[in-house]
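**Q** The structure file input_14.tsv (TSV, C-alpha atoms and all ligand atoms) is provided below.
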```
chain	number	residue	atom	x	y	z
A	1	MET	CA	90.23	84.13	-23.72
A	2	ASN	CA	92.27	81.13	-24.86
A	3	LYS	CA	90.53	77.78	-24.96
A	4	VAL	CA	91.55	75.32	-22.23
A	5	LYS	CA	93.41	72.41	-23.83
A	6	VAL	CA	92.59	69.09	-22.22
A	7	GLY	CA	93.94	65.54	-22.30
A	8	ILE	CA	91.77	62.71	-21.00
A	9	VAL	CA	92.81	59.30	-19.64
A	10	GLY	CA	90.27	56.44	-19.58
A	11	LEU	CA	87.77	56.06	-22.40
A	12	GLY	CA	85.37	53.54	-20.92
A	13	ARG	CA	81.67	53.73	-20.02
A	14	LEU	CA	81.97	57.19	-18.49
A	15	GLY	CA	85.24	58.45	-20.01
A	16	ILE	CA	83.84	58.37	-23.52
A	17	GLN	CA	80.89	60.55	-22.45
A	18	HIS	CA	83.25	63.05	-20.78
A	19	ALA	CA	85.46	63.01	-23.89
A	20	GLU	CA	82.50	63.78	-26.14
A	21	ASN	CA	81.46	66.65	-23.87
A	22	LEU	CA	84.99	68.04	-23.82
A	23	ALA	CA	85.31	67.72	-27.59
A	24	PHE	CA	81.96	69.14	-28.68
A	25	ARG	CA	79.81	70.68	-25.97
A	26	ILE	CA	82.05	73.13	-24.13
A	27	PRO	CA	83.00	76.10	-26.30
A	28	ASN	CA	85.89	77.27	-24.05
A	29	CYS	CA	87.62	73.92	-24.21
A	30	GLU	CA	89.51	71.86	-26.74
A	31	LEU	CA	90.05	68.10	-26.38
A	32	LYS	CA	93.63	67.80	-27.64
A	33	ALA	CA	94.74	64.39	-26.36
A	34	ILE	CA	93.18	61.04	-25.51
A	35	CYS	CA	94.84	58.22	-23.59
A	36	GLY	CA	93.60	54.64	-23.36
A	37	LEU	CA	94.67	51.05	-23.76
A	38	ASN	CA	92.71	50.23	-26.90
A	39	LYS	CA	94.69	51.36	-29.96
A	40	GLU	CA	91.79	50.80	-32.37
A	41	GLN	CA	89.49	52.97	-30.27
A	42	LEU	CA	92.14	55.70	-30.08
A	43	ALA	CA	92.66	55.71	-33.85
A	44	GLU	CA	88.93	55.74	-34.53
A	45	LEU	CA	88.23	58.62	-32.14
A	46	SER	CA	91.21	60.61	-33.33
A	47	ASP	CA	89.99	60.28	-36.88
A	48	LYS	CA	86.29	60.82	-36.24
A	49	TRP	CA	86.66	63.68	-33.72
A	50	ASN	CA	89.81	65.22	-35.13
A	51	ILE	CA	91.90	64.78	-31.95
A	52	PRO	CA	95.56	65.51	-32.70
A	53	TYR	CA	97.27	63.39	-30.00
A	54	THR	CA	96.66	59.80	-28.92
A	55	TYR	CA	98.56	57.90	-26.22
A	56	THR	CA	98.63	54.44	-24.71
A	57	SER	CA	100.95	55.76	-21.98
A	58	TYR	CA	99.69	58.30	-19.41
A	59	GLU	CA	103.25	59.39	-18.63
A	60	GLU	CA	103.78	60.26	-22.29
A	61	MET	CA	100.59	62.32	-22.42
A	62	LEU	CA	101.83	64.30	-19.42
A	63	GLN	CA	104.84	65.39	-21.47
A	64	ASN	CA	102.64	67.21	-23.99
A	65	SER	CA	103.35	70.86	-23.23
A	66	GLU	CA	100.34	72.05	-25.28
A	67	LEU	CA	97.96	70.79	-22.59
A	68	ASP	CA	96.57	72.87	-19.71
A	69	ALA	CA	94.47	70.27	-17.92
A	70	ILE	CA	94.21	66.53	-17.39
A	71	PHE	CA	90.92	64.72	-17.06
A	72	ILE	CA	91.04	61.37	-15.22
A	73	ALA	CA	88.33	58.79	-16.01
A	74	SER	CA	90.47	55.69	-15.55
A	75	PRO	CA	89.61	52.89	-13.09
A	76	SER	CA	89.55	54.02	-9.45
A	77	ASN	CA	92.82	52.32	-8.47
A	78	PHE	CA	94.73	54.75	-10.72
A	79	HIS	CA	93.16	57.99	-9.48
A	80	CYS	CA	95.56	58.99	-6.68
A	81	ASP	CA	98.76	58.27	-8.61
A	82	GLN	CA	97.48	59.93	-11.75
A	83	ILE	CA	96.29	63.02	-9.84
A	84	GLN	CA	99.71	63.36	-8.20
A	85	GLN	CA	101.60	62.91	-11.47
A	86	ALA	CA	99.44	65.47	-13.29
A	87	LEU	CA	99.63	68.10	-10.54
A	88	GLU	CA	103.39	67.67	-10.24
A	89	ALA	CA	103.70	68.05	-14.02
A	90	GLY	CA	101.91	71.42	-13.71
A	91	TYR	CA	98.36	70.63	-14.91
A	92	HIS	CA	94.91	71.46	-13.62
A	93	VAL	CA	93.16	68.18	-12.77
A	94	PHE	CA	89.67	66.74	-12.85
A	95	SER	CA	89.32	63.25	-11.38
A	96	GLU	CA	86.38	60.92	-11.40
A	97	LYS	CA	85.16	59.62	-8.06
A	98	PRO	CA	86.18	58.06	-5.76
A	99	LEU	CA	89.26	60.09	-4.85
A	100	GLY	CA	91.03	56.78	-4.20
A	101	LEU	CA	90.46	53.21	-3.11
A	102	TYR	CA	92.44	53.15	0.16
A	103	LEU	CA	92.25	55.54	3.09
A	104	GLU	CA	96.02	56.06	3.31
A	105	GLU	CA	96.29	57.12	-0.35
A	106	VAL	CA	93.20	59.33	-0.09
A	107	GLU	CA	94.61	61.20	2.91
A	108	LYS	CA	98.01	61.51	1.24
A	109	ILE	CA	96.57	62.88	-2.00
A	110	GLU	CA	94.58	65.53	-0.11
A	111	THR	CA	97.87	66.93	1.23
A	112	ILE	CA	99.38	66.89	-2.26
A	113	ILE	CA	96.33	68.59	-3.80
A	114	ASN	CA	96.41	71.25	-1.08
A	115	ARG	CA	100.08	71.92	-1.86
A	116	HIS	CA	99.10	72.84	-5.45
A	117	GLN	CA	96.81	75.77	-4.67
A	118	ASP	CA	97.70	77.46	-7.95
A	119	LYS	CA	96.01	74.60	-9.83
A	120	VAL	CA	92.32	73.81	-10.12
A	121	PHE	CA	91.46	70.39	-8.74
A	122	MET	CA	87.94	69.03	-9.06
A	123	LEU	CA	86.40	65.71	-8.08
A	124	GLY	CA	83.50	64.21	-10.03
A	125	PHE	CA	80.70	64.43	-7.46
A	126	MET	CA	78.47	65.45	-10.36
A	127	ARG	CA	75.17	65.04	-8.56
A	128	ARG	CA	75.72	68.44	-6.96
A	129	TYR	CA	75.52	69.81	-10.53
A	130	ASP	CA	72.35	67.95	-11.46
A	131	ASP	CA	69.56	70.52	-11.94
A	132	SER	CA	67.19	68.73	-9.54
A	133	TYR	CA	69.77	68.22	-6.76
A	134	ALA	CA	70.94	71.84	-7.11
A	135	TYR	CA	67.31	73.05	-7.03
A	136	ALA	CA	66.66	71.01	-3.89
A	137	LYS	CA	69.71	72.58	-2.23
A	138	LYS	CA	68.39	76.08	-3.03
A	139	GLN	CA	64.95	75.19	-1.68
A	140	ILE	CA	66.50	73.96	1.56
A	141	GLU	CA	68.60	77.11	1.89
A	142	GLN	CA	65.45	79.19	1.39
A	143	GLY	CA	63.73	77.32	4.24
A	144	ALA	CA	61.22	75.29	2.17
A	145	ILE	CA	61.41	72.30	4.54
A	146	GLY	CA	62.72	73.93	7.71
A	147	GLU	CA	65.87	72.40	9.20
A	148	PRO	CA	66.99	69.17	7.51
A	149	VAL	CA	67.07	66.31	10.01
A	150	MET	CA	67.44	63.22	7.83
A	151	VAL	CA	68.68	62.30	4.39
A	152	ARG	CA	67.49	59.03	2.88
A	153	CYS	CA	69.31	57.79	-0.22
A	154	TYR	CA	68.68	54.91	-2.61
A	155	GLY	CA	71.37	54.04	-5.13
A	156	PHE	CA	70.60	50.98	-7.23
A	157	ASP	CA	72.44	49.89	-10.35
A	158	PRO	CA	70.51	48.01	-13.04
A	159	THR	CA	70.62	44.20	-13.04
A	160	GLU	CA	71.82	44.51	-16.62
A	161	GLY	CA	75.25	45.65	-15.40
A	162	LEU	CA	75.61	43.03	-12.68
A	163	GLU	CA	77.46	40.39	-14.64
A	164	SER	CA	80.08	42.78	-16.01
A	165	PHE	CA	80.56	44.27	-12.52
A	166	LEU	CA	81.13	40.78	-11.09
A	167	LYS	CA	83.71	40.00	-13.76
A	168	PHE	CA	85.50	43.27	-12.94
A	169	ALA	CA	85.34	42.72	-9.16
A	170	GLN	CA	86.63	39.16	-9.41
A	171	LYS	CA	89.85	40.52	-10.91
A	172	ASN	CA	90.09	43.97	-9.27
A	173	TYR	CA	89.46	45.49	-5.85
A	174	SER	CA	86.35	47.67	-6.29
A	175	GLY	CA	86.28	49.17	-2.80
A	176	GLY	CA	83.00	47.41	-2.04
A	177	ILE	CA	79.42	48.56	-2.40
A	178	PHE	CA	79.57	51.45	0.07
A	179	LEU	CA	82.71	53.10	-1.29
A	180	ASP	CA	82.06	52.34	-4.94
A	181	MET	CA	78.35	53.11	-5.11
A	182	ALA	CA	77.14	55.00	-2.04
A	183	VAL	CA	80.01	57.50	-2.09
A	184	HIS	CA	77.88	59.96	-4.11
A	185	ASP	CA	75.11	59.65	-1.53
A	186	PHE	CA	77.55	60.22	1.33
A	187	ASP	CA	78.68	63.42	-0.34
A	188	LEU	CA	75.09	64.57	-0.88
A	189	ALA	CA	74.14	63.84	2.74
A	190	ARG	CA	77.10	65.90	4.04
A	191	TRP	CA	76.12	68.68	1.61
A	192	TYR	CA	72.45	68.79	2.57
A	193	LEU	CA	72.94	68.24	6.31
A	194	GLY	CA	75.97	70.52	6.67
A	195	ALA	CA	77.66	68.02	8.99
A	196	GLU	CA	80.16	65.15	9.09
A	197	ALA	CA	79.34	61.52	9.77
A	198	GLU	CA	80.19	60.29	13.27
A	199	GLN	CA	78.83	56.79	13.74
A	200	VAL	CA	77.63	54.09	11.38
A	201	TRP	CA	76.04	50.69	11.40
A	202	ALA	CA	76.01	48.91	8.06
A	203	ILE	CA	74.62	45.57	6.98
A	204	GLY	CA	74.09	43.78	3.69
A	205	GLY	CA	74.16	40.51	1.86
A	206	ALA	CA	74.08	38.56	-1.37
A	207	TYR	CA	70.43	37.77	-1.93
A	208	SER	CA	70.20	36.69	-5.54
A	209	VAL	CA	73.88	36.46	-6.54
A	210	PRO	CA	75.91	34.41	-4.01
A	211	ALA	CA	79.19	35.36	-5.75
A	212	PHE	CA	79.17	38.64	-3.80
A	213	THR	CA	79.80	36.70	-0.57
A	214	GLU	CA	83.00	35.23	-2.03
A	215	LEU	CA	84.11	38.79	-2.78
A	216	ASN	CA	83.40	39.79	0.82
A	217	ASP	CA	81.02	42.37	-0.63
A	218	ALA	CA	77.26	42.94	-0.60
A	219	GLU	CA	74.94	42.82	-3.56
A	220	THR	CA	72.53	44.97	-1.53
A	221	GLY	CA	73.60	46.96	1.51
A	222	ALA	CA	72.16	49.45	4.00
A	223	ALA	CA	73.72	51.90	6.42
A	224	LEU	CA	72.36	54.01	9.25
A	225	VAL	CA	74.51	57.02	10.04
A	226	LYS	CA	74.57	59.57	12.85
A	227	PHE	CA	75.94	62.97	11.84
A	228	SER	CA	77.85	65.46	14.00
A	229	ASN	CA	74.92	67.86	14.43
A	230	GLY	CA	72.61	65.04	15.55
A	231	THR	CA	71.03	64.57	12.11
A	232	MET	CA	70.62	61.18	10.42
A	233	GLY	CA	71.40	59.41	7.17
A	234	LEU	CA	69.78	56.28	5.83
A	235	PHE	CA	71.51	54.73	2.82
A	236	ALA	CA	70.49	51.77	0.67
A	237	ALA	CA	72.66	50.60	-2.22
A	238	GLY	CA	72.32	47.67	-4.56
A	239	ARG	CA	73.41	46.18	-7.83
A	240	ASN	CA	70.27	44.30	-8.75
A	241	SER	CA	67.59	46.77	-9.79
A	242	ARG	CA	65.24	45.09	-12.28
A	243	HIS	CA	63.51	48.25	-13.48
A	244	GLY	CA	66.63	50.27	-14.29
A	245	TYR	CA	69.03	52.74	-12.68
A	246	HIS	CA	67.32	54.02	-9.55
A	247	ILE	CA	68.83	56.97	-7.73
A	248	GLU	CA	66.46	58.52	-5.23
A	249	THR	CA	67.06	60.98	-2.44
A	250	GLU	CA	64.78	62.35	0.26
A	251	ILE	CA	65.60	65.16	2.63
A	252	ILE	CA	63.30	65.28	5.64
A	253	GLY	CA	63.11	68.58	7.48
A	254	THR	CA	61.34	70.06	10.50
A	255	LYS	CA	58.72	71.71	8.24
A	256	GLY	CA	58.45	69.38	5.29
A	257	SER	CA	60.37	67.06	3.06
A	258	LEU	CA	61.71	66.97	-0.43
A	259	ARG	CA	62.25	64.06	-2.81
A	260	ILE	CA	64.41	63.78	-5.89
A	261	GLY	CA	64.00	60.98	-8.41
A	262	THR	CA	61.20	59.08	-6.65
A	263	VAL	CA	60.35	57.44	-9.95
A	264	PRO	CA	63.48	57.35	-12.13
A	265	GLU	CA	61.51	58.32	-15.22
A	266	LYS	CA	63.10	58.03	-18.63
A	267	ASN	CA	61.01	60.92	-19.94
A	268	ALA	CA	57.54	62.48	-19.63
A	269	VAL	CA	55.77	59.67	-21.54
A	270	THR	CA	53.31	57.33	-19.83
A	271	ILE	CA	52.31	54.30	-21.90
A	272	PHE	CA	48.73	53.13	-21.30
A	273	ASN	CA	48.20	49.57	-22.54
A	274	ASP	CA	47.23	46.02	-21.47
A	275	ALA	CA	49.72	46.22	-18.61
A	276	GLY	CA	48.21	49.42	-17.19
A	277	ALA	CA	49.96	52.79	-17.00
A	278	LEU	CA	53.65	52.33	-17.68
A	279	LYS	CA	56.47	54.79	-17.03
A	280	GLU	CA	59.77	53.58	-18.44
A	281	CYS	CA	62.88	54.16	-16.31
A	282	VAL	CA	66.37	55.43	-17.08
A	283	SER	CA	68.69	52.53	-17.72
A	284	ASN	CA	72.11	53.82	-16.64
A	285	PHE	CA	74.12	56.65	-15.10
A	286	ASN	CA	75.04	58.06	-18.52
A	287	GLU	CA	71.38	58.69	-19.25
A	288	ARG	CA	70.24	59.87	-15.80
A	289	PHE	CA	73.09	62.29	-15.20
A	290	ALA	CA	73.90	63.46	-18.75
A	291	GLN	CA	73.20	67.09	-17.85
A	292	ALA	CA	75.19	66.88	-14.59
A	293	TYR	CA	78.25	65.35	-16.31
A	294	LEU	CA	78.26	68.28	-18.73
A	295	SER	CA	77.61	70.97	-16.10
A	296	GLU	CA	80.39	69.78	-13.77
A	297	VAL	CA	82.94	69.91	-16.59
A	298	GLU	CA	81.70	73.37	-17.64
A	299	GLU	CA	82.42	74.42	-14.05
A	300	PHE	CA	85.92	72.89	-14.16
A	301	ILE	CA	86.77	74.76	-17.38
A	302	HIS	CA	85.20	77.97	-16.07
A	303	CYS	CA	87.34	77.78	-12.90
A	304	ILE	CA	90.52	77.35	-14.94
A	305	GLN	CA	89.66	80.34	-17.12
A	306	THR	CA	88.63	82.63	-14.29
A	307	GLY	CA	91.15	81.52	-11.65
A	308	SER	CA	88.34	80.50	-9.30
A	309	LYS	CA	87.93	77.26	-7.32
A	310	PRO	CA	85.16	74.66	-7.59
A	311	ALA	CA	82.89	74.24	-4.59
A	312	ILE	CA	83.84	70.54	-4.40
A	313	THR	CA	87.21	70.08	-2.74
A	314	ALA	CA	89.63	67.25	-1.99
A	315	LYS	CA	88.26	67.32	1.56
A	316	ASP	CA	84.84	66.34	0.22
A	317	GLY	CA	86.48	63.33	-1.40
A	318	VAL	CA	88.26	62.40	1.82
A	319	GLN	CA	85.18	62.77	4.06
A	320	ALA	CA	82.99	60.69	1.75
A	321	SER	CA	85.74	58.03	1.66
A	322	LEU	CA	86.05	58.01	5.47
A	323	LEU	CA	82.34	57.29	5.71
A	324	GLY	CA	82.58	54.65	2.97
A	325	TYR	CA	85.35	52.88	4.87
A	326	ALA	CA	83.48	53.05	8.15
A	327	CYS	CA	80.48	51.42	6.42
A	328	LYS	CA	82.72	48.72	4.98
A	329	GLU	CA	84.21	48.02	8.41
A	330	SER	CA	80.79	47.90	10.04
A	331	PHE	CA	79.45	45.58	7.31
A	332	GLU	CA	82.46	43.27	7.72
A	333	THR	CA	82.54	43.20	11.54
A	334	GLY	CA	78.85	43.61	12.37
A	335	GLU	CA	79.86	46.36	14.83
A	336	LEU	CA	78.82	49.97	15.25
A	337	VAL	CA	81.77	51.97	13.91
A	338	HIS	CA	82.97	55.47	14.80
A	339	VAL	CA	83.95	57.33	11.63
A	340	LYS	CA	87.58	58.47	11.68
A	341	ALA	CA	87.66	62.22	12.45
B	1	LIG	P1	85.52	51.39	-17.53
B	1	LIG	O1	86.18	50.15	-17.05
B	1	LIG	O2	84.34	51.33	-18.41
B	1	LIG	O3	86.61	52.30	-18.26
B	1	LIG	C1	87.93	52.49	-17.82
B	1	LIG	C2	88.79	52.78	-19.03
B	1	LIG	O4	90.11	53.08	-18.60
B	1	LIG	C3	88.88	51.57	-19.97
B	1	LIG	O5	88.63	52.00	-21.27
B	1	LIG	C4	90.32	51.09	-19.78
B	1	LIG	O6	90.83	50.53	-20.97
B	1	LIG	C5	91.03	52.38	-19.45
B	1	LIG	N1	92.27	52.17	-18.70
B	1	LIG	C6	92.52	51.25	-17.75
B	1	LIG	N2	93.78	51.37	-17.32
B	1	LIG	C7	94.33	52.40	-18.02
B	1	LIG	C8	95.62	53.00	-18.04
B	1	LIG	N3	96.60	52.58	-17.24
B	1	LIG	N4	95.84	54.02	-18.89
B	1	LIG	C9	94.87	54.46	-19.70
B	1	LIG	N5	93.62	53.93	-19.73
B	1	LIG	C10	93.37	52.91	-18.89
B	1	LIG	O7	85.22	52.26	-16.21
B	1	LIG	P2	84.10	53.38	-16.00
B	1	LIG	O8	82.84	52.75	-15.58
B	1	LIG	O9	84.09	54.31	-17.16
B	1	LIG	O10	84.68	54.09	-14.70
B	1	LIG	C11	85.82	54.90	-14.76
B	1	LIG	C12	85.89	55.73	-13.47
B	1	LIG	O11	84.75	56.54	-13.39
B	1	LIG	C13	85.89	54.86	-12.20
B	1	LIG	O12	86.78	55.42	-11.29
B	1	LIG	C14	84.46	54.95	-11.67
B	1	LIG	O13	84.40	54.90	-10.26
B	1	LIG	C15	84.06	56.33	-12.17
B	1	LIG	N6	82.61	56.41	-12.43
B	1	LIG	C16	81.94	57.48	-11.97
B	1	LIG	C17	80.59	57.59	-12.19
B	1	LIG	C18	79.88	58.80	-11.71
B	1	LIG	O14	78.66	58.75	-11.63
B	1	LIG	N7	80.54	59.89	-11.42
B	1	LIG	C19	79.83	56.58	-12.91
B	1	LIG	C20	80.67	55.50	-13.40
B	1	LIG	C21	82.00	55.43	-13.17
```
Written as structure tokens, how would this file's structure read?
Ligand code: NAI
**A**
Amino acid sequence: MNKVKVGIVGLGRLGIQHAENLAFRIPNCELKAICGLNKEQLAELSDKWNIPYTYTSYEEMLQNSELDAIFIASPSNFHCDQIQQALEAGYHVFSEKPLGLYLEEVEKIETIINRHQDKVFMLGFMRRYDDSYAYAKKQIEQGAIGEPVMVRCYGFDPTEGLESFLKFAQKNYSGGIFLDMAVHDFDLARWYLGAEAEQVWAIGGAYSVPAFTELNDAETGAALVKFSNGTMGLFAAGRNSRHGYHIETEIIGTKGSLRIGTVPEKNAVTIFNDAGALKECVSNFNERFAQAYLSEVEEFIHCIQTGSKPAITAKDGVQASLLGYACKESFETGELVHVKA
């Protein structure tokens, strides 16, 4: 079978990890083209990784007829336009989350994606491909905790990244804490509960960094969600986690419960010293989800080669965004909000 030839746009914190996976860790795939704004980085990668094509223009990369698929890891405000351009130019497409930053563009791109059924489209909800999250799903399906009735999610970014996020958000619209950060949790809750969100009440504030108030955003936020089958979701998200990158999920069922990532351990080492028993924590998403980022892309390439479709669809992106927007509205108005059906 021929290798899938891929071009990637966006070589930042996450894009570079995807690029490395595409270039070296997936045997059925060849990273042929890289597109970014930094010419020095492009030249260095092309040289070091032996990548034949480099571009500073996305439109030019799309004219490369050797490519089969486009991988989008650019900032979120580009996703919808770049997905549309790539599909219309005849490529299979992987896009990082979120599907888009505005509801109108997200709903429009779903229609466009659905019109290109002959192409593989995949959205980067990689947690579904994390070994622990996938194992939890299997356990639930096998009845280990009875019927799931509540999903509780914590998503906290390390304090270390706070300053650079603020700089970014002061110049760009980030979507706000619920859409930017909790969108993975919204997807997981829908997946585990098998239902759509109906009503939400969200609150939050700027507790140690007042600048978030000026951005009309929360440094730490919480949302309580009622799902269509009567089940519940409890979501906490924050950007000021002192101990590291803390992603934790609990699924509470009628016959038990299940937790993933209760302590976001770096590895199996416990250090015993003057401070007591110390477990170091993972420091960022690249480290915590390294396996999931690789597995989701393996799935994307596998789907292209076999003509199958990934389990994650554009609809998943839309539904998670609808909930994200309802949270944002509730946070901004202080009202209980009905999620758009
Ligand atoms: P970043 O800001 O570190 O990197 C973005 C890169 O895109 C930069 O290198 C920038 O120069 C480049 N870029 C910007 N405009 C461009 C253009 N017009 N053409 C080509 N390149 C352009 O951002 P980061 O953190 O890597 O995030 C990228 C995307 O990945 C975002 O949409 C974010 O939401 C998503 N993300 C997903 C995560 C996940 O867990 N699935 C984790 C982190 C980010």
**Q** Quick one: everything within 6 Å of region 96-113 of chain A, counting all atoms listed in the file, minus sequence neighbours fewer than 5 positions away in the same chain. Send it as a PyMOL selection string.
**A** chain A and resi 73+77+79-80+123-124+175+314+317
**Q** Pick out the residues no farther than 6 Å from ligand LIG 1 (chain B), counting all atoms listed in the file, and list them as a ChimeraX atom specification.
**A** /A:9-15,35-37,58,73-76,96-98,124
**Q** Quick one: everything within 7 Å of Val339 (chain A), counting only C-alpha atoms, minus sequence neighbours fewer than 6 positions away in the same chain. Send it as a PyMOL selection string.
**A** chain A and resi 197-199+322-323+326
**Q** Those same residues, written as a compact mmCIF listing (two decimals), in the coordinates of the input with C-alpha atoms?
**A**
```txt
# COMPACT_ATOMS: atom_id res chain seq x y z
CA ALA A 197 79.34 61.52 9.77
CA GLU A 198 80.19 60.29 13.27
CA GLN A 199 78.83 56.79 13.74
CA LEU A 322 86.05 58.01 5.47
CA LEU A 323 82.34 57.29 5.71
CA ALA A 326 83.48 53.05 8.15
```
**Q** Dig up all the protein and nucleic acid residues within 8 Å of (75.1, 60.7, 0.9) in the file frame, using all atoms listed in the file, and format them as a PyMOL selection string.
**A** chain A and resi 151+153+182-190+233+235+320
**Q** So that I can see what lies close to His116 (chain A), please list as a compact mmCIF listing (two decimals) with C-alpha atoms, in the frame of the given file the residues with an atom at most 12 Å from it, counting all atoms listed in the file and leaving out residues fewer than 6 positions away in the same chain.
**A**
```
# COMPACT_ATOMS: atom_id res chain seq x y z
CA ILE A 83 96.29 63.02 -9.84
CA GLN A 84 99.71 63.36 -8.20
CA GLN A 85 101.60 62.91 -11.47
CA ALA A 86 99.44 65.47 -13.29
CA LEU A 87 99.63 68.10 -10.54
CA GLU A 88 103.39 67.67 -10.24
CA ALA A 89 103.70 68.05 -14.02
CA GLY A 90 101.91 71.42 -13.71
CA TYR A 91 98.36 70.63 -14.91
CA HIS A 92 94.91 71.46 -13.62
CA VAL A 93 93.16 68.18 -12.77
CA ILE A 109 96.57 62.88 -2.00
CA GLU A 110 94.58 65.53 -0.11
CA ALA A 314 89.63 67.25 -1.99
```
**Q** Choose the residue, out of A:Tyr55, A:Phe168, A:Phe156, A:Phe94, that has the smallest atom-to-atom separation from Phe285 (chain A); count all atoms listed in the file.
**A**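 The closest residue to Phe285 (chain A) is A:Phe156.
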**Q** I'd like the neighbourhood of region 63-66 of chain A as a VMD selection string, where a residue qualifies if any of its atoms comes within 10 Å (using only C-alpha atoms), though same-chain residues fewer than 2 positions away should be ignored.
**A** chain A and resid 4 to 7 32 to 33 53 58 to 61 68 to 69 86 89 to 91
**Q** Write out the residues from the selection above, keeping C-alpha atoms, as an mmCIF file, keeping the file's coordinate frame.
**A**
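Final file, part-v3.cif:
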```cif
data_model
loop_
_atom_site.group_PDB
_atom_site.id
_atom_site.type_symbol
_atom_site.label_atom_id
_atom_site.label_comp_id
_atom_site.auth_asym_id
_atom_site.auth_seq_id
_atom_site.Cartn_x
_atom_site.Cartn_y
_atom_site.Cartn_z
ATOM 1 C CA VAL A 4 91.550 75.320 -22.230
ATOM 2 C CA LYS A 5 93.410 72.410 -23.830
ATOM 3 C CA VAL A 6 92.590 69.090 -22.220
ATOM 4 C CA GLY A 7 93.940 65.540 -22.300
ATOM 5 C CA LYS A 32 93.630 67.800 -27.640
ATOM 6 C CA ALA A 33 94.740 64.390 -26.360
ATOM 7 C CA TYR A 53 97.270 63.390 -30.000
ATOM 8 C CA TYR A 58 99.690 58.300 -19.410
ATOM 9 C CA GLU A 59 103.250 59.390 -18.630
ATOM 10 C CA GLU A 60 103.780 60.260 -22.290
ATOM 11 C CA MET A 61 100.590 62.320 -22.420
ATOM 12 C CA ASP A 68 96.570 72.870 -19.710
ATOM 13 C CA ALA A 69 94.470 70.270 -17.920
ATOM 14 C CA ALA A 86 99.440 65.470 -13.290
ATOM 15 C CA ALA A 89 103.700 68.050 -14.020
ATOM 16 C CA GLY A 90 101.910 71.420 -13.710
ATOM 17 C CA TYR A 91 98.360 70.630 -14.910
#
```
**Q** What is the CA of Asn267 (chain A)-CA of Ala292 (chain A) distance in Å, reported with one decimal?
**A** 16.3 Å
**Q** Under the rule that all atoms listed in the file are counted, which of A:Tyr293, A:Tyr133, A:Phe300, A:Phe212 is the nearest residue to Glu248 (chain A)?
**A** A:Tyr133
**Q** For each of A:Ala237, A:Ile271, A:Ile72, A:Leu22, take the minimum atom-to-atom distance to Asp180 (chain A), counting only C-alpha atoms, then give the residue where this is smallest.
**A**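 Checking each of A:Ala237, A:Ile271, A:Ile72, A:Leu22 against Asp180 (chain A), counting only C-alpha atoms, the winner is A:Ala237.
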**Q** Using only C-alpha atoms, which of the listed residues (A:Gln142, A:Val200, A:Gly155, A:Lys255) sits closest to Gly334 (chain A)?
**A**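 Smallest distance to Gly334 (chain A) is found for A:Val200.
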**Q** Which residues, written as a list in words, have at least one atom at most 8 Å from Leu234 (chain A), with all atoms listed in the file counted and residues fewer than 4 positions away on the same chain left out?
**A** Met150, Val151, Arg152, Cys153, Ala222, Ala223, Leu224 and Val225 of chain A
**Q** Please, what distance in Å, to one decimal, runs between CA of Gln291 (chain A) and CA of Arg127 (chain A)?
**A**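 Calculated distance between CA of Gln291 (chain A) and CA of Arg127 (chain A) is 9.7 Å.
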**Q** Could you please determine the separation between CA of Lys48 (chain A) and CA of Ala290 (chain A) in Å, to one decimal place?
**A**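 Result for CA of Lys48 (chain A) versus CA of Ala290 (chain A): 21.6 Å, one decimal.
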**Q** Nearest residue to Asn216 (chain A) out of A:Glu332, A:Asp47, A:Asp81, A:Asp274, using only C-alpha atoms?
**A**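 Closest to Asn216 (chain A) of all the choices is A:Glu332.
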**Q** Identify the residues around (70.3, 70.5, -12.2) within a radius of 12 Å, measuring from all atoms listed in the file in the coordinates stated by the file, and give them as a PDB file with C-alpha atoms, in the frame of the given file.
**A**
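Saved as selection.pdb:
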```pdb
ATOM      1  CA  MET A 126      78.470  65.450 -10.360  1.00  0.00           C
ATOM      2  CA  ARG A 127      75.170  65.040  -8.560  1.00  0.00           C
ATOM      3  CA  ARG A 128      75.720  68.440  -6.960  1.00  0.00           C
ATOM      4  CA  TYR A 129      75.520  69.810 -10.530  1.00  0.00           C
ATOM      5  CA  ASP A 130      72.350  67.950 -11.460  1.00  0.00           C
ATOM      6  CA  ASP A 131      69.560  70.520 -11.940  1.00  0.00           C
ATOM      7  CA  SER A 132      67.190  68.730  -9.540  1.00  0.00           C
ATOM      8  CA  TYR A 133      69.770  68.220  -6.760  1.00  0.00           C
ATOM      9  CA  ALA A 134      70.940  71.840  -7.110  1.00  0.00           C
ATOM     10  CA  TYR A 135      67.310  73.050  -7.030  1.00  0.00           C
ATOM     11  CA  ALA A 136      66.660  71.010  -3.890  1.00  0.00           C
ATOM     12  CA  LYS A 137      69.710  72.580  -2.230  1.00  0.00           C
ATOM     13  CA  LYS A 138      68.390  76.080  -3.030  1.00  0.00           C
ATOM     14  CA  ILE A 260      64.410  63.780  -5.890  1.00  0.00           C
ATOM     15  CA  ARG A 288      70.240  59.870 -15.800  1.00  0.00           C
ATOM     16  CA  PHE A 289      73.090  62.290 -15.200  1.00  0.00           C
ATOM     17  CA  ALA A 290      73.900  63.460 -18.750  1.00  0.00           C
ATOM     18  CA  GLN A 291      73.200  67.090 -17.850  1.00  0.00           C
ATOM     19  CA  ALA A 292      75.190  66.880 -14.590  1.00  0.00           C
ATOM     20  CA  TYR A 293      78.250  65.350 -16.310  1.00  0.00           C
ATOM     21  CA  LEU A 294      78.260  68.280 -18.730  1.00  0.00           C
ATOM     22  CA  SER A 295      77.610  70.970 -16.100  1.00  0.00           C
ATOM     23  CA  GLU A 296      80.390  69.780 -13.770  1.00  0.00           C
TER      24      GLU A 296
END
```
